[in-house]
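Colleague: First the structure, which I've put down as structure tokens, then a few questions once you've had a look.
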Amino acid sequence: MAQEIVRKRKAVEGATTLPGRYYSDEGIFRQEVDKLFQSMWLCAGRVDEIPNPGDYLVREIGCESIVVVRDEKEAIRAFYNNCRHRGTRLCLEESGSAKGSFQCQYHAWTYGLDGQLLGAPHMNEVPTFRKEDWPLKSVGCEVWEGHIFINLDENRAPLSEQLGDMPQRFARYRMGELRRARRIEYDVAANWKLIVENYSECYHCPLIHPDLNRVTHYLSGQNDVIADTYNGGYQIIGEQYCTLTVEGKKTRPYFRDIRKEDQNRVYYYEVYPNLLLSLHPDYMMTHTAWPKSAALTHVVCEWHFEPEVMARPEFDPSDAVGFWDMTNRQDWRACEISQLGVQSRGYTPGPFSNQEELIYNFDRFVLDRLEGPAVEARQVARAR
Amino acid sequence: MAQEIVRKRKAVEGATTLPGRYYSDEGIFRQEVDKLFQSMWLCAGRVDEIPNPGDYLVREIGCESIVVVRDEKEAIRAFYNNCRHRGTRLCLEESGSAKGSFQCQYHAWTYGLDGQLLGAPHMNEVPTFRKEDWPLKSVGCEVWEGHIFINLDENRAPLSEQLGDMPQRFARYRMGELRRARRIEYDVAANWKLIVENYSECYHCPLIHPDLNRVTHYLSGQNDVIADTYNGGYQIIGEQYCTLTVEGKKTRPYFRDIRKEDQNRVYYYEVYPNLLLSLHPDYMMTHTAWPKSAALTHVVCEWHFEPEVMARPEFDPSDAVGFWDMTNRQDWRACEISQLGVQSRGYTPGPFSNQEELIYNFDRFVLDRLEGPAVEARQVARAR
Amino acid sequence: MAQEIVRKRKAVEGATTLPGRYYSDEGIFRQEVDKLFQSMWLCAGRVDEIPNPGDYLVREIGCESIVVVRDEKEAIRAFYNNCRHRGTRLCLEESGSAKGSFQCQYHAWTYGLDGQLLGAPHMNEVPTFRKEDWPLKSVGCEVWEGHIFINLDENRAPLSEQLGDMPQRFARYRMGELRRARRIEYDVAANWKLIVENYSECYHCPLIHPDLNRVTHYLSGQNDVIADTYNGGYQIIGEQYCTLTVEGKKTRPYFRDIRKEDQNRVYYYEVYPNLLLSLHPDYMMTHTAWPKSAALTHVVCEWHFEPEVMARPEFDPSDAVGFWDMTNRQDWRACEISQLGVQSRGYTPGPFSNQEELIYNFDRFVLDRLEGPAVEARQVARAR
């Protein structure tokens with residue numbers, strides 16, 4: 001793996017950022033929705049959001065609304081949020097609890113938690129109609145360590161292919177056992193790729209994150225892996241600090257199975273296209289990105305802890321939440337002024353620093369998906 | 001006529017709803033504006049809105065603004081709302097009263113109520129200019145029983161062709177004598193066809209209109225007619241009720257010339273593309289639909305009564321208005337959650353129940369207008 | 001010059017206004033931004049807005065943001081407002097003062113006031129990187145009598161070609177010495193050409209500007225010049241008035257070098273495409289127009305006076321500002337109702353009066369730029 005990184009680091013020299021149209025053209029945006037967001041596994045949330053049968057959450061991907069539900073047998077399933085009769089949206093809230101079935105609020109067609117059509121008034125009068133022909137349309141749904149992934153592609157490969165060695169890489173964090181303590185949602189007036197790219201480098205940290213840079217110095221870490229569908233690395237927590245919080249103090253025990261060296265590391269991993277996974281010694285932070293248009297992205301940030309820690313009377317996640325909420329907002333502002341710039345013909349691709357190799361590789365992933373590997377090479381060449 | 005209905009009822013079996021693009025594609029929407037709304041007779045309102053010479057109302061159809069005015073000879077006329085000089089909008093209010101002429105507020109060109117250019121300052125200095133060459137551009141305008149219809153098509157057929165046997169069908173209601181008591185306007189975040197389709201069936205009534213369904217049971221009526229440019233039927237008022245109001249009580253005399261059987265019927269007729277005509281035993285309700293975009297429709301709902309009834313001191317239309325305002329809002333919500341769904345690829349055409357034959361026929365009318373009868377057959381076949 | 005005007009006045013007879021698509025089609029609008037606003041010299045403001053080295057102002061032209069700055073050597077320069085690294089917008093305020101350099105707020109790349117890249121952290125680690133390859137991208141910037149002009153076209157001719165004889169024509173007004181006293185900005189829901197066209201004629205003055213028409217009668221003046229890139233004329237201040245203000249009284253000395261006849265004239269000149277220059281006996285008013293979309297224009301109006309007059313304790317520009325702010329708003333309303341009309345197919349090109357010859361010539365300029373002179377002749381012919 002280290003060898004591969006060295007190779008890519010060479011490749012980045014002389015390479016440049018993406019042309020501006022990739023950040024502002026709505027046609028390219030629709031292709032991205034189609035070829036990335038509606039064709040890959042996306043992180044939709046966590047299983048502990050829907051603990052009981054009938055509990056559901058709703059996610060929007062482009063024009064599509066998807067219901068993720070825990071069925072009677074405790075399995076997690078996902079469906080298009082449309083009645084099969086006249087297409088009416090079935091679940092209108094962002095989350096909720098269905099009492100054994102979903103009923104369309106227009107003509108009362110009713111579906112089981114497994115998606116089967118249970119009742120459709122008067123349709124027995126239509127000779128050609130058979131209930132079994134009209135279940136809710138299912139979409140791919142798999143779970144990795146409590147992270148729910150959905151996939152709209154009918155010809156999808158299993159989630160394991162997209163995750164590669166991620167499961168082995170972080171098994172010791174026992175993410176599947178963690179529970180969410182807080183969620184903050186943001187609307188960021190920037191292309192989704194600017195948000196991923198911002199997460200991919202700490203070259204900007206000295207200027208815009210003085211607090212973060214004090215606790216984890218921007219030159220302290222290294223990149224671990226650059227795979228086709230994910231990448232990541234870590235930074236080192238300074239000697240006088242224990243974790244990334246406002247004070248940097250240890251207010252919670254470290255995750256119990258992590259290695260000694262993990263206790264002063266923060267791992268930052270991107271699982272393409274929409275999950276940013278940040279593993280601290282004592283908590284997990286997740287960002288999921290939901291593109292709304294070429295210049296607007298909805299971001300959901302959540303903080304997750306061990307349930308036994310959360311059960312303590314003194315438990316208070318606000319040191320971690322407050323630190324990252326401040327840092328998030330610093331990042332979104334940078335992304336937004338970046339968006340203002342890249343929409344202009346005054347922007348042409350610029351040179352990468354050596355600290356931006358993950359961006360270079362993420363950009364290659366996007367171009368590969370949109371246009372195929374060969375085209376991408378010409379793109380970058382032309383962009384120079 | 002009964003024979004025709006039987007035939008169509010057979011056709012509906014196995015047929016499905018329209019593909020989603022017909023509800024969300026702005027290109028198809030513009031075709032509809034062009035081929036339906038700017039090429040057919042539209043109901044623009046009622047003659048009693050403009051009782052005196054110079055009284056006018058303004059209606060918008062797509063980008064077009066049309067002035068309907070009562071001229072000096074009491075005739076109703078309609079014009080494009082544009083000065084012939086530099087195109088400036090002439091009438092800026094939704095309705096009003098012109099004192100003998102319309103004057104453009106930019107350069108003071110002045111037009112008679114018959115549209116003739118009366119004055120144009122300094123244009124006598126232009127040798128080639130002749131006032132008679134620059135009247136307001138007229139559009140088709142005819143009246144049926146107090147309903148004003150306008151038509152932007154220069155090659156239009158007379159209104160009578162579009163109305164077919166509607167005049168004979170409801171002559172006994174003497175609609176021309178009725179006067180408006182109330183208007184409520186709604187902006188509905190749904191395609192205009194969803195609003196017409198919602199009006200076309202009471203399959204949804206048990207679930208979303210418990211009050212309506214108590215007074216007129218959803219299975220009580222029947223369809224009367226399915227013609228090329230209109231359709232309709234009736235429902236039966238339950239034995240313990242007199243009309244459609246909050247209490248269902250008789251607070252007004254019935255229309256004086258209607259038949260005995262009409263006294264416990266409510267007739268629901270659609271005059272394509274924009275008039276929904278609801279004849280109760282004691283009042284007339286009209287909806288006119290004005291498409292704004294693929295996903296937005298302005299609806300004007302009005303309640304009309306006999307003038308002698310309105311003249312009574314105890315006259316109060318609020319029992320009828322309140323009942324239908326509540327019912328309208330229930331319907332608009334259904335249309336809006338339907339719009340949310342049909343915009344998604346999670347929606348594909350679904351099966352009609354036997355109670356939805358009017359929708360099937362309305363959909364055929366739309367497809368015929370947009371693409372011609374032959375193409376429509378293929379469409380529906382492909383949509384399966 | 002007089003001869004040319006006579007010729008054009010003949011041409012205008014029988015000619016008509018532009019087809020509606022030129023006011024509402026976003027495709028034509030983008031062509032105008034490209035072929036007029038991003039290819040010609042535009043007035044960006046006045047040198048006295050940025051009196052000291054480091055002072056800058058920012059202007060937006062379509063998607064482009066341009067910084068105009070006074071450099072260390074007191075020269076005025078203009079740059080695209082984009083960092084060369086990842087395109088981030090550099091200056092976020094509409095105006096301000098840079099302390100010797102511009103620093104990108106994302107990764108701290110720093111540029112001199114002359115645009116040279118001074119510092120780029122860690123880029124010395126990239127062997128192929130050379131600072132001199134990555135200066136801010138400059139755009140054309142020239143000054144005429146204190147008016148700053150910018151030009152985004154890389155193949156631009158000098159400003160003098162576009163200005164023609166304007167410099168000689170108004171040298172006696174010593175505009176370069178004037179200072180701004182007030183600015184008012186307006187968003188007008190109308191195409192930018194409607195605003196220029198409105199400025200081009202006083203045919204509308206009797207109806208919508210009773211106060212203006214009292215002081216300068218709409219038939220009092222004449223057109224001076226119709227050149228390829230500018231035009232203008234004057235109106236005569238009535239005998240009992242001294243200048244264009246609320247009272248019409250003389251509250252300031254006249255410009256010291258103007259001719260006797262200038263003392264009762266107001267000159268109105270259009271320097272295509274975006275400067276409207278109004279020279280009164282005692283003050284200069286400028287409008288600059290900044291198109292935002294086919295139907296929206298931002299207008300900046302400023303009032304400029306002699307510095308020695310402004311230095312007097314009793315100096316108060318509000319008589320001039322109040323008069324024109326009122327008049328501006330009357331004009332914007334006319335432009336807005338005009339926009340409502342020309343978007344409609346109810347508008348087709350109408351006949352010009354003899355008082356509208358400047359519009360006819362401005363329209364020709366636009367068509368020439370968009371489509372070439374030959375095509376324009378056909379356009380106008382077809383528009384009849």
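Chain identifiers are assigned as A, B, and so on, following the order in which chains appear in the structure tokens; residues are numbered from 1 within each chain, and ligands are numbered from 1 in order of appearance.
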Give as an MDAnalysis selection string every residue of chain C that touches chain B within 12 Å, counting only C-alpha atoms.
Modeller: chainID C and resid 9:20 23:24 190 194 197:198 201:209 219 330:357 359
Colleague: Identify, on the basis of only C-alpha atoms, every residue whose closest approach to Glu74 (chain C) does not exceed 12 Å; exclude the query and any residue fewer than 5 positions from it along the same chain; express the result as a list of chain:residue names.
Modeller: C:Val47, C:Asp48, C:Ile50, C:Pro51, C:Asn52, C:Pro53, C:Gly54, C:Asp55, C:Tyr56, C:Val69, C:Leu113, C:Asp114
Colleague: Take the residues just selected and output them with N, CA, C and O atoms as an mmCIF file, in the first residue's frame.
Modeller:
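Output file result_35.cif is given in full below:
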```
data_model
loop_
_atom_site.group_PDB
_atom_site.id
_atom_site.type_symbol
_atom_site.label_atom_id
_atom_site.label_comp_id
_atom_site.auth_asym_id
_atom_site.auth_seq_id
_atom_site.Cartn_x
_atom_site.Cartn_y
_atom_site.Cartn_z
ATOM 1 N N VAL C 47 -12.047 56.813 -10.243
ATOM 2 C CA VAL C 47 -10.758 56.668 -9.548
ATOM 3 C C VAL C 47 -10.802 57.178 -8.117
ATOM 4 O O VAL C 47 -10.062 56.696 -7.253
ATOM 5 N N ASP C 48 -11.704 58.130 -7.829
ATOM 6 C CA ASP C 48 -11.716 58.660 -6.459
ATOM 7 C C ASP C 48 -12.340 57.681 -5.461
ATOM 8 O O ASP C 48 -12.312 57.932 -4.264
ATOM 9 N N ILE C 50 -11.033 54.793 -5.106
ATOM 10 C CA ILE C 50 -9.866 54.045 -4.621
ATOM 11 C C ILE C 50 -8.673 55.002 -4.600
ATOM 12 O O ILE C 50 -7.750 54.880 -5.398
ATOM 13 N N PRO C 51 -8.678 55.937 -3.633
ATOM 14 C CA PRO C 51 -7.684 57.014 -3.657
ATOM 15 C C PRO C 51 -6.269 56.580 -3.260
ATOM 16 O O PRO C 51 -5.300 57.187 -3.708
ATOM 17 N N ASN C 52 -6.134 55.518 -2.462
ATOM 18 C CA ASN C 52 -4.822 55.168 -1.921
ATOM 19 C C ASN C 52 -4.346 53.801 -2.405
ATOM 20 O O ASN C 52 -5.171 52.932 -2.705
ATOM 21 N N PRO C 53 -3.023 53.593 -2.461
ATOM 22 C CA PRO C 53 -2.511 52.277 -2.847
ATOM 23 C C PRO C 53 -3.151 51.175 -1.995
ATOM 24 O O PRO C 53 -3.252 51.316 -0.772
ATOM 25 N N GLY C 54 -3.603 50.109 -2.637
ATOM 26 C CA GLY C 54 -4.249 49.002 -1.930
ATOM 27 C C GLY C 54 -5.759 49.109 -1.925
ATOM 28 O O GLY C 54 -6.453 48.115 -1.714
ATOM 29 N N ASP C 55 -6.288 50.312 -2.151
ATOM 30 C CA ASP C 55 -7.747 50.453 -2.214
ATOM 31 C C ASP C 55 -8.253 49.704 -3.443
ATOM 32 O O ASP C 55 -7.652 49.776 -4.515
ATOM 33 N N TYR C 56 -9.340 48.977 -3.246
ATOM 34 C CA TYR C 56 -9.871 48.213 -4.385
ATOM 35 C C TYR C 56 -11.398 48.260 -4.392
ATOM 36 O O TYR C 56 -12.035 48.548 -3.384
ATOM 37 N N VAL C 69 -7.814 47.738 -8.571
ATOM 38 C CA VAL C 69 -7.012 48.148 -7.413
ATOM 39 C C VAL C 69 -6.025 49.250 -7.807
ATOM 40 O O VAL C 69 -5.569 49.308 -8.957
ATOM 41 N N LEU C 113 0.048 43.904 -5.103
ATOM 42 C CA LEU C 113 -0.965 44.753 -5.733
ATOM 43 C C LEU C 113 -0.781 44.788 -7.249
ATOM 44 O O LEU C 113 -1.691 45.180 -7.978
ATOM 45 N N ASP C 114 0.383 44.381 -7.729
ATOM 46 C CA ASP C 114 0.603 44.275 -9.176
ATOM 47 C C ASP C 114 0.240 42.891 -9.704
ATOM 48 O O ASP C 114 0.454 42.592 -10.877
#
```
Colleague: Name the residues of region 140-311 of chain B that fall into strand (DSSP E) according to DSSP on the backbone, using the chain letters and numbers of this document, as a ChimeraX atom specification.
Modeller: /B:140-144,147-151,179-188,222-226,230-236,265-271,275-279,284-293,296-305
Colleague: Work out how far apart CA of Phe323 (chain A) and CA of Ile258 (chain A) are and give it in Å to one decimal.
Modeller: 22.7 Å
Colleague: Quick one: distance from CA of Glu132 (chain A) to CA of Arg70 (chain A) in Å, one decimal?
Modeller: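 A separation of 21.1 Å between them.
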Colleague: If we count only C-alpha atoms and set the cut-off at 8 Å, which residues sit around region 237-252 of chain A, ignoring sequence neighbours fewer than 5 positions away in its own chain? Please answer as a short mmCIF file (atom, residue, chain, number, x, y, z; two decimals) with N, CA and C atoms, in the first residue's frame.
Modeller:
```
data_model
loop_
_atom_site.label_atom_id
_atom_site.label_comp_id
_atom_site.auth_asym_id
_atom_site.auth_seq_id
_atom_site.Cartn_x
_atom_site.Cartn_y
_atom_site.Cartn_z
N ASP A 211 -7.52 26.46 15.92
CA ASP A 211 -7.73 25.57 17.07
C ASP A 211 -7.40 24.13 16.71
N LEU A 212 -7.90 23.69 15.57
CA LEU A 212 -7.62 22.33 15.11
C LEU A 212 -6.11 22.14 14.93
N ARG A 214 -3.71 23.55 16.35
CA ARG A 214 -2.98 23.52 17.61
C ARG A 214 -2.98 22.09 18.19
N VAL A 215 -4.11 21.42 18.10
CA VAL A 215 -4.23 20.08 18.69
C VAL A 215 -3.61 19.01 17.77
N THR A 216 -3.94 19.09 16.47
CA THR A 216 -3.30 18.16 15.51
C THR A 216 -2.61 19.01 14.45
N HIS A 217 -1.30 19.06 14.51
CA HIS A 217 -0.56 19.91 13.57
C HIS A 217 -0.73 19.39 12.15
N GLN A 263 -4.37 5.91 20.11
CA GLN A 263 -4.81 6.84 21.17
C GLN A 263 -4.36 8.27 20.92
N ASN A 264 -3.37 8.45 20.06
CA ASN A 264 -3.04 9.84 19.69
C ASN A 264 -3.15 10.07 18.19
N ARG A 265 -4.10 9.38 17.61
CA ARG A 265 -4.36 9.60 16.18
C ARG A 265 -5.83 9.92 15.93
N VAL A 266 -6.06 10.73 14.90
CA VAL A 266 -7.42 10.87 14.35
C VAL A 266 -7.35 10.39 12.90
N HIS A 280 -11.85 9.24 16.12
CA HIS A 280 -11.06 9.82 17.21
C HIS A 280 -10.83 8.73 18.25
N PRO A 281 -9.93 8.93 19.21
CA PRO A 281 -9.69 7.89 20.23
C PRO A 281 -10.93 7.56 21.05
N ASP A 282 -11.85 8.52 21.17
CA ASP A 282 -13.00 8.32 22.06
C ASP A 282 -14.35 8.58 21.41
N VAL A 309 -20.64 4.51 27.70
CA VAL A 309 -20.17 5.85 28.04
C VAL A 309 -21.35 6.83 28.05
N ASP A 319 -18.30 18.88 24.17
CA ASP A 319 -16.91 19.31 23.90
C ASP A 319 -16.49 18.89 22.49
N ALA A 320 -16.91 17.68 22.09
CA ALA A 320 -16.58 17.22 20.74
C ALA A 320 -17.46 17.91 19.69
N VAL A 321 -18.73 18.01 19.99
CA VAL A 321 -19.68 18.62 19.05
C VAL A 321 -19.34 20.08 18.81
N GLY A 322 -19.08 20.81 19.88
CA GLY A 322 -18.79 22.23 19.75
C GLY A 322 -17.51 22.47 18.96
N PHE A 323 -16.50 21.65 19.23
CA PHE A 323 -15.23 21.80 18.51
C PHE A 323 -15.42 21.62 17.02
N TRP A 324 -16.13 20.55 16.65
CA TRP A 324 -16.27 20.25 15.23
C TRP A 324 -17.33 21.11 14.54
#
```
Colleague: Quick one: pick out all helix (DSSP H, G or I) residues within region 197-255 of chain B from a backbone DSSP run and write them as a count of residues only.
Modeller: 13
Colleague: Could you work out how far CA of Val271 (chain C) lies from CA of Phe255 (chain C), giving the answer in Å with one decimal?
Modeller: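 Between CA of Phe255 (chain C) and CA of Val271 (chain C) the gap is 21.7 Å.
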